[in-house]
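Note: the block below is input-v4.cif and it holds mmCIF, C-alpha atoms (C1' of nucleotides).
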data_start
loop_
_atom_site.label_atom_id
_atom_site.label_comp_id
_atom_site.auth_asym_id
_atom_site.auth_seq_id
_atom_site.Cartn_x
_atom_site.Cartn_y
_atom_site.Cartn_z
CA MET A 29 -11.43 67.75 42.66
CA ALA A 30 -11.50 68.80 46.30
CA ASP A 31 -9.27 67.01 48.76
CA THR A 32 -11.35 64.81 51.01
CA SER A 33 -8.56 62.94 52.80
CA GLY A 34 -8.06 63.23 56.54
CA VAL A 35 -10.64 64.88 58.80
CA PRO A 36 -12.95 61.89 58.60
CA GLU A 37 -16.68 62.20 59.01
CA PRO A 38 -17.75 60.91 62.42
CA THR A 39 -19.37 57.49 62.44
CA LEU A 40 -23.14 57.40 62.72
CA ASP A 41 -23.00 56.53 66.42
CA GLU A 42 -20.40 59.19 67.15
CA GLN A 43 -22.57 61.74 65.46
CA ILE A 44 -25.67 60.75 67.38
CA ALA A 45 -23.69 60.94 70.63
CA ALA A 46 -22.44 64.41 69.70
CA TYR A 47 -25.96 65.54 68.87
CA GLN A 48 -27.19 64.32 72.24
CA ARG A 49 -24.38 66.19 73.94
CA GLU A 50 -25.16 69.45 72.09
CA PHE A 51 -28.92 69.20 71.94
CA ARG A 52 -30.86 67.86 74.88
CA ASP A 53 -34.29 66.98 73.49
CA LEU A 54 -33.29 64.27 71.08
CA ASP A 55 -34.77 60.83 70.58
CA PRO A 56 -31.67 58.84 69.61
CA GLN A 57 -33.69 56.17 67.87
CA VAL A 58 -35.48 58.67 65.65
CA GLU A 59 -32.25 60.47 64.92
CA LYS A 60 -30.51 57.25 64.06
CA ILE A 61 -33.16 56.33 61.54
CA VAL A 62 -33.15 59.76 59.94
CA SER A 63 -29.38 60.08 59.86
CA ALA A 64 -28.95 56.60 58.46
CA LEU A 65 -31.47 57.42 55.75
CA GLY A 66 -29.54 60.55 54.83
CA ARG A 67 -26.16 58.93 54.82
CA LEU A 68 -27.31 55.87 52.96
CA ASN A 69 -28.76 58.05 50.27
CA ARG A 70 -25.65 60.16 50.02
CA ARG A 71 -23.40 57.14 49.62
CA MET A 72 -25.71 55.60 47.06
CA ASN A 73 -25.68 58.80 45.05
CA VAL A 74 -21.90 58.82 45.07
CA ALA A 75 -21.96 55.28 43.72
CA TYR A 76 -24.50 56.15 41.03
CA GLY A 77 -22.43 59.21 40.16
CA ARG A 78 -19.33 57.13 39.60
CA GLN A 79 -21.23 54.72 37.42
CA THR A 80 -22.82 57.36 35.21
CA ALA A 81 -19.56 59.31 35.03
CA ASN A 82 -18.02 56.21 33.49
CA LEU A 83 -20.69 56.44 30.81
CA GLY A 84 -19.77 60.08 30.18
CA ILE A 85 -23.07 61.53 31.32
CA SER A 86 -23.66 64.09 34.05
CA SER A 87 -26.36 64.11 36.69
CA ALA A 88 -28.11 66.83 34.69
CA ASP A 89 -28.06 64.59 31.62
CA TRP A 90 -29.36 61.72 33.69
CA GLU A 91 -32.40 63.66 34.89
CA VAL A 92 -33.41 64.52 31.35
CA LEU A 93 -32.86 60.99 30.06
CA LYS A 94 -34.98 59.64 32.88
CA ALA A 95 -37.85 62.02 32.20
CA LEU A 96 -37.86 61.16 28.50
CA VAL A 97 -37.73 57.41 29.10
CA LEU A 98 -40.56 57.66 31.63
CA ALA A 99 -42.60 59.53 29.02
CA GLY A 100 -42.55 56.25 27.07
CA ASP A 101 -42.18 55.56 23.36
CA PRO A 102 -41.57 57.71 21.27
CA TYR A 103 -39.66 59.37 24.12
CA ARG A 104 -40.63 62.96 23.42
CA MET A 105 -41.32 66.02 25.55
CA GLY A 106 -41.39 69.78 25.07
CA PRO A 107 -38.69 71.92 26.66
CA SER A 108 -41.08 73.70 28.99
CA ASP A 109 -42.65 70.47 30.17
CA LEU A 110 -39.18 69.13 30.83
CA ALA A 111 -38.33 72.33 32.68
CA LYS A 112 -41.41 72.09 34.89
CA ARG A 113 -40.77 68.43 35.50
CA LEU A 114 -37.20 69.07 36.62
CA GLY A 115 -37.87 72.32 38.44
CA LEU A 116 -35.82 74.56 36.13
CA THR A 117 -36.57 77.76 34.26
CA PRO A 118 -37.11 77.42 30.52
CA ALA A 119 -33.85 79.30 29.95
CA ALA A 120 -31.87 76.75 31.92
CA MET A 121 -33.60 73.99 29.99
CA THR A 122 -32.61 75.55 26.69
CA HIS A 123 -28.94 75.46 27.66
CA ARG A 124 -29.16 71.94 28.99
CA ILE A 125 -30.76 70.70 25.80
CA ASP A 126 -28.12 72.53 23.74
CA ARG A 127 -25.45 70.54 25.49
CA MET A 128 -27.27 67.24 25.23
CA VAL A 129 -27.85 67.75 21.51
CA THR A 130 -24.13 68.22 20.93
CA GLU A 131 -23.53 65.11 23.04
CA GLY A 132 -25.89 63.20 20.78
CA LEU A 133 -28.23 62.21 23.60
CA VAL A 134 -31.33 63.99 22.28
CA THR A 135 -32.55 65.78 19.17
CA ARG A 136 -34.45 69.05 19.05
CA GLU A 137 -36.82 69.99 16.28
CA ARG A 138 -39.89 72.14 15.70
CA ASP A 139 -43.26 70.50 15.90
CA GLU A 140 -44.52 70.77 12.31
CA SER A 141 -48.16 70.60 13.38
CA ASN A 142 -47.72 73.55 15.72
CA ARG A 143 -44.59 75.45 14.95
CA VAL A 144 -44.65 77.31 18.26
CA ARG A 145 -43.68 74.09 19.95
CA VAL A 146 -40.37 72.31 20.06
CA ILE A 147 -39.96 68.57 20.48
CA VAL A 148 -37.06 67.07 22.36
CA GLU A 149 -36.62 63.42 21.50
CA LEU A 150 -34.33 60.77 22.90
CA THR A 151 -31.81 59.41 20.39
CA PRO A 152 -31.05 55.68 20.28
CA GLU A 153 -27.70 56.56 21.81
CA GLY A 154 -29.42 58.45 24.65
CA ARG A 155 -31.71 55.53 25.28
CA GLY A 156 -28.70 53.22 25.20
CA LYS A 157 -26.97 55.30 27.86
CA TRP A 158 -30.06 55.17 30.04
CA LEU A 159 -30.30 51.40 29.66
CA GLU A 160 -26.63 50.95 30.49
CA ALA A 161 -26.92 53.20 33.55
CA MET A 162 -29.95 51.25 34.71
CA ARG A 163 -28.13 47.98 34.22
CA MET A 164 -25.25 49.13 36.38
CA ALA A 165 -27.56 50.65 38.97
CA THR A 166 -29.62 47.51 39.38
CA VAL A 167 -26.51 45.37 39.83
CA PHE A 168 -25.40 47.75 42.56
CA GLU A 169 -28.82 47.77 44.18
CA GLU A 170 -29.18 44.01 44.21
CA ASP A 171 -25.76 43.78 45.80
CA LEU A 172 -26.65 46.42 48.38
CA LEU A 173 -29.79 44.59 49.49
CA GLN A 174 -28.44 41.06 49.28
CA ASP A 175 -28.17 40.55 53.03
CA LEU A 176 -31.84 41.35 53.59
CA SER A 177 -34.21 38.46 54.08
CA PRO A 178 -37.46 38.30 52.07
CA ASP A 179 -39.35 39.35 55.20
CA GLU A 180 -37.06 42.28 55.80
CA ARG A 181 -37.47 43.42 52.22
CA THR A 182 -41.22 43.30 52.51
CA VAL A 183 -41.26 45.23 55.76
CA LEU A 184 -38.72 47.77 54.56
CA GLY A 185 -40.63 48.45 51.36
CA GLU A 186 -43.90 48.78 53.21
CA VAL A 187 -42.54 51.08 55.90
CA LEU A 188 -40.72 53.31 53.43
CA THR A 189 -43.77 53.78 51.23
CA ARG A 190 -45.77 54.60 54.32
CA LEU A 191 -43.25 57.27 55.30
CA LEU A 192 -43.22 58.57 51.76
CA ARG A 193 -46.98 58.92 51.74
CA ARG A 194 -46.81 60.80 55.00
CA VAL A 195 -44.14 63.23 53.86
CA GLU A 196 -45.89 63.83 50.54
CA HIS A 197 -49.13 64.55 52.27
CA ALA A 198 -47.40 66.94 54.67
CA GLN A 199 -45.91 69.16 51.94
CA PRO A 200 -48.06 69.55 48.84
CA ASP A 201 -45.54 71.55 46.80
CA ALA A 202 -41.87 72.37 46.88
CA GLY A 203 -39.84 75.17 48.38
CA GLY A 204 -36.10 75.35 48.92
CA ARG A 205 -33.41 72.84 48.34
CA LEU A 206 -30.86 71.49 50.79
CA SER A 207 -28.42 68.70 51.19
CA ASP A 208 -29.06 66.24 53.97
CA LEU A 209 -29.44 67.65 57.42
CA ASP A 210 -28.09 64.23 58.49
CA MET B 14 -37.96 80.41 41.10
CA ALA B 15 -38.70 77.82 38.45
CA ASP B 16 -42.27 76.92 37.70
CA THR B 17 -43.01 73.45 38.98
CA SER B 18 -46.75 73.34 38.38
CA GLY B 19 -48.35 70.85 36.00
CA VAL B 20 -46.39 67.93 34.54
CA PRO B 21 -46.55 66.00 37.78
CA GLU B 22 -43.93 63.48 38.75
CA PRO B 23 -45.29 59.95 38.30
CA THR B 24 -46.29 58.18 41.48
CA LEU B 25 -43.87 55.63 42.85
CA ASP B 26 -45.91 52.73 41.48
CA GLU B 27 -46.35 54.37 38.10
CA GLN B 28 -42.63 54.87 37.91
CA ILE B 29 -41.83 51.27 38.81
CA ALA B 30 -44.30 50.10 36.18
CA ALA B 31 -42.67 52.33 33.58
CA TYR B 32 -39.23 51.04 34.52
CA GLN B 33 -40.42 47.46 34.09
CA ARG B 34 -41.84 48.34 30.70
CA GLU B 35 -38.59 49.98 29.55
CA PHE B 36 -36.10 47.71 31.25
CA ARG B 37 -36.68 43.99 31.43
CA ASP B 38 -34.36 42.72 34.16
CA LEU B 39 -35.82 44.56 37.09
CA ASP B 40 -36.77 43.27 40.51
CA PRO B 41 -39.75 45.47 41.34
CA GLN B 42 -39.36 44.95 45.07
CA VAL B 43 -35.74 46.08 45.06
CA GLU B 44 -36.56 49.01 42.84
CA LYS B 45 -39.43 50.03 45.06
CA ILE B 46 -37.22 50.09 48.13
CA VAL B 47 -34.49 52.06 46.39
CA SER B 48 -36.84 54.52 44.74
CA ALA B 49 -38.77 55.08 47.96
CA LEU B 50 -35.49 55.75 49.74
CA GLY B 51 -34.51 58.32 47.14
CA ARG B 52 -37.84 60.06 47.06
CA LEU B 53 -38.22 60.08 50.81
CA ASN B 54 -34.85 61.68 51.15
CA ARG B 55 -35.58 64.26 48.50
CA ARG B 56 -38.85 65.29 50.14
CA MET B 57 -37.23 65.45 53.55
CA ASN B 58 -34.51 67.69 52.20
CA VAL B 59 -37.10 70.02 50.74
CA ALA B 60 -38.73 70.22 54.15
CA TYR B 61 -35.43 70.88 55.89
CA GLY B 62 -34.62 73.48 53.28
CA ARG B 63 -37.81 75.37 53.94
CA GLN B 64 -37.19 75.29 57.65
CA THR B 65 -33.63 76.56 57.48
CA ALA B 66 -34.57 79.14 54.86
CA ASN B 67 -36.97 80.57 57.44
CA LEU B 68 -33.97 81.00 59.71
CA GLY B 69 -32.12 82.84 56.96
CA ILE B 70 -29.39 80.26 56.51
CA SER B 71 -28.44 78.41 53.35
CA SER B 72 -27.59 74.76 52.97
CA ALA B 73 -23.93 75.78 52.65
CA ASP B 74 -24.20 77.63 55.95
CA TRP B 75 -25.85 74.63 57.51
CA GLU B 76 -23.04 72.28 56.56
CA VAL B 77 -20.45 74.53 58.18
CA LEU B 78 -22.51 75.05 61.33
CA LYS B 79 -22.95 71.30 61.65
CA ALA B 80 -19.25 70.59 61.29
CA LEU B 81 -18.37 73.17 63.93
CA VAL B 82 -20.99 71.97 66.40
CA LEU B 83 -19.85 68.37 65.93
CA ALA B 84 -16.30 69.50 66.66
CA GLY B 85 -17.61 70.28 70.16
CA ASP B 86 -16.86 73.12 72.56
CA PRO B 87 -15.15 75.55 71.81
CA TYR B 88 -16.55 74.96 68.29
CA ARG B 89 -13.39 75.71 66.33
CA MET B 90 -11.85 74.36 63.14
CA GLY B 91 -9.30 75.53 60.58
CA PRO B 92 -10.49 76.46 57.08
CA SER B 93 -8.65 73.64 55.37
CA ASP B 94 -9.95 71.06 57.82
CA LEU B 95 -13.43 72.38 57.16
CA ALA B 96 -12.76 72.23 53.43
CA LYS B 97 -11.63 68.62 53.60
CA ARG B 98 -14.55 67.74 55.82
CA LEU B 99 -17.07 69.23 53.38
CA GLY B 100 -15.30 68.16 50.20
CA LEU B 101 -14.48 71.66 48.96
CA THR B 102 -11.29 73.32 47.80
CA PRO B 103 -9.70 75.74 50.27
CA ALA B 104 -10.58 78.60 47.93
CA ALA B 105 -14.26 77.78 48.05
CA MET B 106 -14.01 77.54 51.83
CA THR B 107 -12.46 81.00 52.02
CA HIS B 108 -15.41 82.50 50.18
CA ARG B 109 -17.94 80.59 52.21
CA ILE B 110 -16.36 81.73 55.46
CA ASP B 111 -16.27 85.32 54.17
CA ARG B 112 -20.00 85.18 53.73
CA MET B 113 -20.67 83.54 57.07
CA VAL B 114 -18.53 86.09 58.89
CA THR B 115 -20.58 88.94 57.44
CA GLU B 116 -23.72 87.03 58.43
CA GLY B 117 -22.40 86.85 61.98
CA LEU B 118 -22.49 83.06 62.10
CA VAL B 119 -18.75 82.53 62.64
CA THR B 120 -15.61 84.53 63.41
CA ARG B 121 -12.25 84.18 61.73
CA GLU B 122 -8.97 85.00 63.40
CA ARG B 123 -5.31 84.05 63.24
CA ASP B 124 -4.04 81.45 65.65
CA GLU B 125 -1.60 83.46 67.82
CA SER B 126 0.43 80.37 68.68
CA ASN B 127 0.96 79.57 65.00
CA ARG B 128 0.23 82.54 62.83
CA VAL B 129 0.03 80.51 59.63
CA ARG B 130 -3.16 79.00 60.88
CA VAL B 131 -6.59 80.54 60.95
CA ILE B 132 -9.29 79.60 63.41
CA VAL B 133 -12.94 79.62 62.44
CA GLU B 134 -15.15 79.73 65.51
CA LEU B 135 -18.89 79.48 65.89
CA THR B 136 -20.51 82.63 67.28
CA PRO B 137 -23.29 82.36 69.88
CA GLU B 138 -25.63 83.46 67.11
CA GLY B 139 -24.37 80.71 64.83
CA ARG B 140 -24.84 78.15 67.56
CA GLY B 141 -28.30 79.54 68.19
CA LYS B 142 -29.23 79.09 64.54
CA TRP B 143 -28.02 75.51 64.65
CA LEU B 144 -30.03 74.80 67.79
CA GLU B 145 -33.12 76.35 66.29
CA ALA B 146 -32.72 74.38 63.05
CA MET B 147 -32.28 71.18 65.06
CA ARG B 148 -35.35 71.96 67.10
CA MET B 149 -37.46 72.37 63.97
CA ALA B 150 -35.92 69.32 62.32
CA THR B 151 -36.62 67.03 65.28
CA VAL B 152 -40.23 68.16 65.44
CA PHE B 153 -40.59 67.31 61.77
CA GLU B 154 -38.84 63.98 62.19
CA GLU B 155 -40.94 62.91 65.18
CA ASP B 156 -44.02 63.76 63.17
CA LEU B 157 -42.78 61.86 60.15
CA LEU B 158 -42.18 58.68 62.14
CA GLN B 159 -45.20 58.91 64.39
CA ASP B 160 -47.14 56.13 62.67
CA LEU B 161 -44.34 53.63 63.17
CA SER B 162 -44.71 51.14 65.99
CA PRO B 163 -41.81 50.62 68.41
CA ASP B 164 -41.07 47.32 66.69
CA GLU B 165 -41.07 48.93 63.27
CA ARG B 166 -38.70 51.62 64.49
CA THR B 167 -36.32 49.06 65.85
CA VAL B 168 -36.34 46.99 62.68
CA LEU B 169 -36.04 50.05 60.42
CA GLY B 170 -33.09 51.42 62.37
CA GLU B 171 -31.35 48.08 62.38
CA VAL B 172 -31.89 47.40 58.69
CA LEU B 173 -30.80 50.87 57.62
CA THR B 174 -27.57 50.74 59.61
CA ARG B 175 -26.88 47.34 58.11
CA LEU B 176 -27.34 48.77 54.61
CA LEU B 177 -25.19 51.75 55.50
CA ARG B 178 -22.41 49.50 56.70
CA ARG B 179 -22.59 47.58 53.47
CA VAL B 180 -22.47 50.62 51.22
CA GLU B 181 -19.64 52.16 53.20
CA HIS B 182 -17.63 48.99 52.99
CA ALA B 183 -18.24 48.78 49.26
CA GLN B 184 -16.85 52.24 48.45
CA PRO B 185 -13.97 53.34 50.67
CA ASP B 186 -13.66 56.86 49.25
CA ALA B 187 -15.73 59.24 47.22
CA GLY B 188 -16.03 59.96 43.53
CA GLY B 189 -18.64 61.94 41.67
CA ARG B 190 -21.80 63.55 42.79
CA LEU B 191 -25.30 63.01 41.53
CA SER B 192 -28.85 63.60 42.49
CA ASP B 193 -30.99 60.56 43.12
CA LEU B 194 -31.20 58.03 40.37
CA ASP B 195 -34.61 57.31 41.89
"C1'" DT C 29 20.44 83.06 58.45
"C1'" DC C 30 18.66 80.69 54.68
"C1'" DT C 31 15.53 77.60 52.54
"C1'" DG C 32 11.72 74.57 51.87
"C1'" DA C 33 7.16 73.17 53.26
"C1'" DA C 34 2.62 74.28 54.58
"C1'" DG C 35 -1.55 77.08 55.21
"C1'" DA C 36 -4.61 80.66 53.73
"C1'" DC C 37 -5.78 84.02 50.50
"C1'" DT C 38 -6.20 86.24 45.77
"C1'" DT C 39 -7.09 86.19 41.01
"C1'" DA C 40 -8.92 84.45 36.79
"C1'" DG C 41 -12.09 81.82 34.72
"C1'" DA C 42 -15.71 78.07 34.07
"C1'" DA C 43 -20.33 76.25 34.84
"C1'" DG C 44 -24.94 76.67 35.76
"C1'" DC C 45 -28.55 79.12 37.33
"C1'" DT C 46 -32.35 83.15 37.17
"C1'" DA C 47 -34.91 87.15 35.47
"C1'" DA C 48 -36.20 89.77 31.89
"C1'" DA C 49 -36.31 91.05 27.24
"C1'" DG C 50 -36.77 89.45 22.44
"C1'" DA C 51 -38.40 86.75 18.41
"C1'" DG C 52 -41.34 83.77 16.08
"C1'" DT C 53 -45.83 81.35 15.66
"C1'" DA C 54 -50.78 80.51 16.29
"C1'" DC C 55 -55.24 81.94 16.98
"C1'" DA C 56 -59.37 84.80 17.98
"C1'" DT C 57 -61.88 88.56 16.60
"C1'" DA C 58 -63.16 92.51 14.02
"C1'" DT D 22 -57.75 89.95 5.71
"C1'" DA D 23 -55.69 92.35 9.40
"C1'" DT D 24 -54.32 92.80 13.97
"C1'" DG D 25 -53.81 92.26 18.79
"C1'" DT D 26 -52.84 88.85 22.17
"C1'" DA D 27 -51.06 84.73 24.04
"C1'" DC D 28 -47.81 81.20 24.03
"C1'" DT D 29 -43.28 78.99 23.49
"C1'" DC D 30 -38.64 79.05 23.11
"C1'" DT D 31 -34.27 81.60 22.93
"C1'" DT D 32 -31.13 85.30 23.99
"C1'" DT D 33 -28.88 88.43 27.01
"C1'" DA D 34 -27.01 90.08 31.24
"C1'" DG D 35 -25.78 89.19 35.66
"C1'" DC D 36 -25.24 86.41 39.91
"C1'" DT D 37 -23.40 82.65 42.74
"C1'" DT D 38 -20.28 79.20 43.64
"C1'" DC D 39 -17.08 76.40 42.34
"C1'" DT D 40 -11.88 75.09 40.65
"C1'" DA D 41 -7.03 75.92 39.37
"C1'" DA D 42 -3.04 78.35 39.79
"C1'" DG D 43 -0.23 81.67 41.84
"C1'" DT D 44 1.13 84.69 45.98
"C1'" DC D 45 2.10 85.78 50.59
"C1'" DT D 46 3.12 84.66 55.24
"C1'" DT D 47 4.88 81.75 58.77
"C1'" DC D 48 7.31 78.05 60.77
"C1'" DA D 49 10.89 74.38 61.10
"C1'" DG D 50 15.23 72.56 60.15
"C1'" DA D 51 19.90 72.74 57.92
#
For this file, produce the structure as structure tokens.
Amino acid sequence: MADTSGVPEPTLDEQIAAYQREFRDLDPQVEKIVSALGRLNRRMNVAYGRQTANLGISSADWEVLKALVLAGDPYRMGPSDLAKRLGLTPAAMTHRIDRMVTEGLVTRERDESNRVRVIVELTPEGRGKWLEAMRMATVFEEDLLQDLSPDERTVLGEVLTRLLRRVEHAQPDAGGRLSDLD
Amino acid sequence: MADTSGVPEPTLDEQIAAYQREFRDLDPQVEKIVSALGRLNRRMNVAYGRQTANLGISSADWEVLKALVLAGDPYRMGPSDLAKRLGLTPAAMTHRIDRMVTEGLVTRERDESNRVRVIVELTPEGRGKWLEAMRMATVFEEDLLQDLSPDERTVLGEVLTRLLRRVEHAQPDAGGRLSDLD
DNA sequence: TCTGAAGACTTAGAAGCTAAAGAGTACATA
DNA sequence: TATGTACTCTTTAGCTTCTAAGTCTTCAGA
């Protein structure tokens, strides 16, 4: 584990002030919204990560569990569909499934009706881990939002989905990957 | 590059509906806010990633450039301070700096007043890349938010900083790492 | 001068990814 | 039936980036 003590991250306002100092054409209000979004997400992911780590599952495991649960009962997908869904190569998916099989989270077997295909299926234990992670996550989320009034929740949800629609429309398909610009 | 065609991600509403089906105790409004936050952030990061990739810098490069710029003129930090700031081990920082020196983004030299220390300094080219990345990012961000009224911007900024304060208070220091639970 | 602490680097190795080659299965067509 | 082709998954080789542990250099204090 890397040492993260000392050398603290600047506060949001300090960072915005520094940006304005180093970069003239900056709307501080826009930057504050965007930076807060990035930071909020980063902190939330740290919290989720701690919770799932306590369950003994990695973020890679989590992604696969989520995809299988969203597929609905009987919680099955093929490796290449999973790979496309998660943006991995089939080779990477093979290794990931190997690990998850040994962890007891999923099973892998040939499709008897078409023996070219392979079926990855959630085990009861895998589904249990997903449910437990969701339970912890929702407790955290409720707590996070508890200071927001009903009106604020409505507005926030509406505005965020509007932004999401805009960003999805602006970029039809994916490219690189990057942590928050923040 | 992994194939990401076909097998589309469910829409936000489809996903919420699936979560409700699979997990009883779920406040759909809370989940919608949280999921929209996660997705929005993910899409934004993809956009940033494309932009910086066009400049020939990686997300790792970007993090270092940002830290040095935020340090202010003369844009200097020691490797271990950078490592702590970015949550890496000093060894990883050494390699990252190696790469960035060959890319001409930073210089590395011994501190003559204390020869144990090393000083990493932003080059004019590195600063130029940061400025250019910021320029592209702000254009994208202005465009993203353009449909929001002044009132909506004010409320959004205020609510997000409130949430940020809450999440920062709730978890003083970091733990694991995870992509969006979404 | 000696010694311990601290900072940066080196080495060895683990994890996870990609690209490309390989193996097995299904199916269309002769 | 035989065979070529396509499809799916796995294997192999190699790359990148990280951590852990050890080394080297420098500085500060006894």
- Message: Which residues would end up in the selection if the PyMOL selection byres ((chain A) within 9 of (chain C)) were applied here, given that I need the answer as JSON, numbers by chain?
- Response: {"A": [116, 117, 119, 120, 142, 143, 144, 145]}
- Task: Measure the distance from CA of Trp75 (chain B) to CA of Val187 (chain A) in Å and round it to one decimal.
- Result: 28.9 Å
- Message: Applying the PyMOL selection byres ((chain D) within 8 of (chain B)) to the file I just gave you, which residues come out? Please list them as a ChimeraX atom specification.
- Response: /D:38-40,46-48
- Task: Run the PyMOL selection byres ((chain B and resi 112) around 12) on the file and write out the hits as a ChimeraX atom specification.
- Result: /B:70-71,73-74,77,105-111,113-121 /D:37-38
- Query: Pick the closest to chain A from B:Arg37, B:His182, B:Lys79, B:Lys97: which is it, counting only C-alpha atoms?
  - Reply: B:Lys97
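Computed from the coordinates, the CA of Leu135 (chain B) to CA of Tyr88 (chain B) distance equals 5.6 Å.
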Give the centre and edge lengths of an axis-aligned box, in Å to one decimal, that holds all listed atoms of region 97-110 of chain B with 8 Å on each side, as AutoDock Vina command-line options.
--center_x -13.8 --center_y 75.1 --center_z 51.8 --size_x 24.2 --size_y 30.8 --size_z 24.0
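Taking CA of Leu39 (chain B) and CA of Val20 (chain B) as endpoints, the distance between them is 25.8 Å.
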- Query: Out of A:Leu93, A:Val167, A:Leu188, A:Ala45, which residue has the shortest atom-to-atom distance to chain B when counting all atoms listed in the file?
  - Reply: A:Leu188
- Item | B:Ser48, B:Gln33, B:Asn58, B:Ser162 ranked by distance to chain A, top pick (using only C-alpha atoms) | B:Asn58
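For the set B:Lys142, B:Ile46, B:Ile29, B:Leu81, the residue with the smallest atom-to-atom gap to chain A is B:Ile46, counting only C-alpha atoms.
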Selection near region 67-69 of chain B, 9 Å with only C-alpha atoms (C1' of nucleotides), sequence-local residues under 2 positions removed, as a PDB file with C-alpha atoms, in the coordinates of the input:
ATOM      1  CA  GLY B  62     -34.620  73.480  53.280  1.00  0.00           C
ATOM      2  CA  ARG B  63     -37.810  75.370  53.940  1.00  0.00           C
ATOM      3  CA  GLN B  64     -37.190  75.290  57.650  1.00  0.00           C
ATOM      4  CA  THR B  65     -33.630  76.560  57.480  1.00  0.00           C
ATOM      5  CA  SER B  71     -28.440  78.410  53.350  1.00  0.00           C
ATOM      6  CA  LYS B 142     -29.230  79.090  64.540  1.00  0.00           C
ATOM      7  CA  GLU B 145     -33.120  76.350  66.290  1.00  0.00           C
ATOM      8  CA  ALA B 146     -32.720  74.380  63.050  1.00  0.00           C
TER       9      ALA B 146
END
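Protein and nucleic acid residues near (-20.5, 63.5, 65.0) are Val35, Pro36, Glu37, Pro38, Thr39, Leu40, Asp41, Glu42, Gln43, Ile44, Ala45, Ala46, Tyr47, Gln48, Arg49, Glu50, Lys60, Ser63 and Asp210 of chain A; Lys79, Ala80, Leu81, Val82, Leu83, Ala84, Gly85 and Arg98 of chain B, the criterion being any atom at most 12 Å away using only C-alpha atoms (C1' of nucleotides).
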